[in-house]
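Enquirer: Provided herewith is a single structure, encoded as structure tokens, for subsequent inquiry.
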Amino acid sequence: MSAGGPPVRELRFNLEHWCLWHSDVASPDRVWPGGELLPHVAGGPDVHFIPMLQRRRMSPLARAACAVAWQCRERAGELPAVYCSLHGESLDYFELLEDIGRNQPVSPSRFSLCVHNAIAGQFSIQSRCTLPYVVLAGGSDGLFAAFIEAAGQLQETPKVMLVCYEQPLPQAYQAYLSSSDTTWALSMVLSRPAADRRQLCLSRYSLDPAACVREPSSDLIQAILTDSRQGHAQLEKVDWYWSLQDA
């Protein structure tokens, strides 16, 4: 499917800053400008800003998401936020479901740490941020759903922080759902578009699953890691085209 005809939705943002942590430890030669790739510290992201007692209870996914959000917060200050993940803490809640299936007791504290808004809540507490946040499950739009929500928030606020994160699904789900092969977390500081700033542009096209021809898609995370400035992601019902444009 090629992008013929008008898009259903076009979005433009100033990309003020981005931050990415990726479980693949290889250091790329080039990445997108205007951001940073966080290093591995003891095999994971650096979350020194979280007290040890709380840190020990956090999953690798939660640590990654909080690490990238913290870096954007250090750059831009406290901002309203949009958090997005397709499946969230799937490894933890699958283990809870297995415990229930074996008639084992479920830890209330562990349950509270794997609900879909748990990561956003943990970051809000540790950063003492009192500004509003929204937590999404991407659905048929994947991580791009976060950009739709961010565009809406920017109608009322000049800047917003976007935080997306994923990890591999439990083996039992992988035959039925597509998922990330790695653990990663991405944060961005987005603002209203201006002509003299670096812009992230996205266009959303509806697909007819029965009629469309499947084409190779680009992965936005891999694009950041390889400094690829444009591409598209063909999902089940929609096709998202995106580009990064310098000022």
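By convention in this document, the chains of the structure tokens carry letters A, B, ... by their order, each chain's residues are numbered from 1, and ligands are numbered from 1 in the order they are shown.
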Name the residues in contact with Leu91 (chain A) at a cut-off of 10 Å, using only C-alpha atoms, excluding same-chain residues fewer than 6 positions from it; report them as a compact mmCIF listing (two decimals) with C-alpha atoms, in the first residue's frame.

Expert:
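Contents of the output file part-v1.txt:
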# COMPACT_ATOMS: atom_id res chain seq x y z
CA SER A 59 11.03 -4.46 36.71
CA LEU A 61 10.85 -2.33 31.83
CA CYS A 114 1.96 -4.56 37.06
CA GLN A 167 9.40 -5.69 26.12
CA PRO A 168 9.10 -9.21 24.67
CA LEU A 169 5.84 -10.94 25.49
CA PRO A 170 5.77 -14.17 27.48
CA GLN A 171 6.40 -17.19 25.25

Enquirer: Could you pull out all residues of region 46-134 of chain A with a DSSP call of strand (DSSP E) and give them as a list of chain:residue names?

Expert: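 Listing strand (DSSP E) positions across region 46-134 of chain A yields A:Ala81, A:Val82, A:Tyr83, A:Cys84, A:Tyr133, A:Val134.
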
Enquirer: Hey, can you check how far CA of Glu95 (chain A) sits from CA of Ser124 (chain A)?

Expert: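 Value for the CA of Glu95 (chain A)-CA of Ser124 (chain A) distance: 25.7 Å.
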
Enquirer: With only C-alpha atoms as the counted atoms, please give the residues lying no more than 9 Å from Thr130 (chain A), apart from itself and same-chain residues fewer than 3 positions off, as a ChimeraX atom specification.

Expert: /A:78,80,124-125,127

Enquirer: When you look at Ala247 (chain A) with a cut-off of 8 Å (counting only C-alpha atoms), what residues show up, excluding the ones that are within fewer than 4 positions of it in the same chain? I need them as a ChimeraX atom specification.

Expert: /A:195-199

Enquirer: If you run DSSP on the backbone, which residues of region 39-73 of chain A are helix (DSSP H, G or I), as a CSV table (one decimal) with N, CA and C atoms, in the first residue's frame?

Expert:
chain,number,residue,atom,x,y,z
A,52,MET,N,17.1,3.0,46.8
A,52,MET,CA,17.4,1.6,46.6
A,52,MET,C,16.2,0.7,46.9
A,53,LEU,N,15.4,1.0,48.0
A,53,LEU,CA,14.3,0.1,48.4
A,53,LEU,C,13.3,0.0,47.2
A,54,GLN,N,12.9,1.2,46.7
A,54,GLN,CA,12.0,1.2,45.6
A,54,GLN,C,12.6,0.6,44.3
A,55,ARG,N,13.8,0.9,44.1
A,55,ARG,CA,14.5,0.4,42.9
A,55,ARG,C,14.5,-1.1,42.8
A,56,ARG,N,14.7,-1.8,43.9
A,56,ARG,CA,14.7,-3.2,43.9
A,56,ARG,C,13.4,-3.9,43.5
A,57,ARG,N,12.3,-3.2,43.7
A,57,ARG,CA,11.0,-3.7,43.3
A,57,ARG,C,10.6,-3.5,41.9
A,60,PRO,N,12.7,-4.5,34.9
A,60,PRO,CA,13.6,-3.9,33.9
A,60,PRO,C,12.9,-2.9,33.0
A,61,LEU,N,11.6,-3.2,32.7
A,61,LEU,CA,10.9,-2.3,31.8
A,61,LEU,C,10.6,-1.0,32.6
A,62,ALA,N,10.2,-1.1,33.8
A,62,ALA,CA,9.9,0.1,34.6
A,62,ALA,C,11.2,0.9,34.8
A,63,ARG,N,12.3,0.3,35.0
A,63,ARG,CA,13.5,1.0,35.1
A,63,ARG,C,13.9,1.8,33.9
A,64,ALA,N,13.7,1.1,32.7
A,64,ALA,CA,14.0,1.7,31.4
A,64,ALA,C,13.1,2.9,31.2
A,65,ALA,N,11.8,2.8,31.4
A,65,ALA,CA,10.9,3.9,31.2
A,65,ALA,C,11.2,5.1,32.1
A,66,CYS,N,11.4,4.8,33.4
A,66,CYS,CA,11.7,5.9,34.3
A,66,CYS,C,13.1,6.5,34.0
A,67,ALA,N,14.0,5.8,33.5
A,67,ALA,CA,15.3,6.4,33.2
A,67,ALA,C,15.2,7.4,32.1
A,68,VAL,N,14.5,7.0,31.0
A,68,VAL,CA,14.4,8.0,29.9
A,68,VAL,C,13.5,9.1,30.2
A,69,ALA,N,12.5,8.9,31.0
A,69,ALA,CA,11.6,10.0,31.4
A,69,ALA,C,12.4,11.0,32.3
A,70,TRP,N,13.2,10.5,33.2
A,70,TRP,CA,14.0,11.3,34.1
A,70,TRP,C,14.9,12.2,33.3
A,71,GLN,N,15.6,11.7,32.2
A,71,GLN,CA,16.5,12.5,31.4
A,71,GLN,C,15.8,13.6,30.7
A,72,CYS,N,14.6,13.3,30.2
A,72,CYS,CA,13.8,14.4,29.6
A,72,CYS,C,13.3,15.4,30.6
A,73,ARG,N,13.0,15.0,31.8
A,73,ARG,CA,12.6,15.9,32.8
A,73,ARG,C,13.8,16.8,33.2

Enquirer: Pick out the residues sitting within 9 Å of region 236-244 of chain A, and hand them over as an mmCIF file with C-alpha atoms, in the first residue's frame; count only C-alpha atoms, and ignore anything fewer than 5 positions along from it in its own chain.

Expert:
data_model
loop_
_atom_site.group_PDB
_atom_site.id
_atom_site.type_symbol
_atom_site.label_atom_id
_atom_site.label_comp_id
_atom_site.auth_asym_id
_atom_site.auth_seq_id
_atom_site.Cartn_x
_atom_site.Cartn_y
_atom_site.Cartn_z
ATOM 1 C CA MET A 1 0.000 0.000 0.000
ATOM 2 C CA ALA A 3 0.168 6.663 0.510
ATOM 3 C CA LEU A 15 11.000 17.559 18.683
ATOM 4 C CA TRP A 32 18.903 10.901 15.360
ATOM 5 C CA SER A 140 -4.410 -0.790 16.516
ATOM 6 C CA ASP A 141 -2.255 2.368 16.283
ATOM 7 C CA PHE A 144 1.636 6.113 17.439
ATOM 8 C CA ARG A 198 13.405 20.378 14.121
ATOM 9 C CA GLN A 199 10.044 18.801 13.352
ATOM 10 C CA LEU A 200 8.644 15.307 13.631
ATOM 11 C CA CYS A 201 5.847 14.842 11.089
ATOM 12 C CA LEU A 202 3.381 11.950 11.066
ATOM 13 C CA SER A 203 0.532 11.005 8.737
ATOM 14 C CA ARG A 204 -2.071 8.326 9.403
ATOM 15 C CA TYR A 205 -3.817 6.443 6.583
ATOM 16 C CA SER A 206 -6.631 3.969 7.073
ATOM 17 C CA LEU A 207 -6.186 0.492 5.599
ATOM 18 C CA ASP A 208 -8.643 -2.039 4.310
ATOM 19 C CA PRO A 209 -7.091 -5.267 5.676
ATOM 20 C CA LEU A 220 10.676 3.857 14.549
ATOM 21 C CA SER A 228 16.947 7.029 9.314
ATOM 22 C CA ARG A 229 14.895 10.193 8.843
ATOM 23 C CA GLN A 230 11.735 8.796 7.253
ATOM 24 C CA GLY A 231 9.716 5.634 6.947
#

Enquirer: In Å, with one decimal, what is the gap from CA of Leu20 (chain A) to CA of Phe147 (chain A)?

Expert: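 Interatomic distance here is 16.5 Å.
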
Enquirer: If we count only C-alpha atoms, what is near Val134 (chain A) at a cut-off of 10 Å, once residues fewer than 2 positions away on the same chain are taken out, given as a PyMOL selection string?

Expert: chain A and resi 80-84+117+120+132+136+146+149-150+153+162
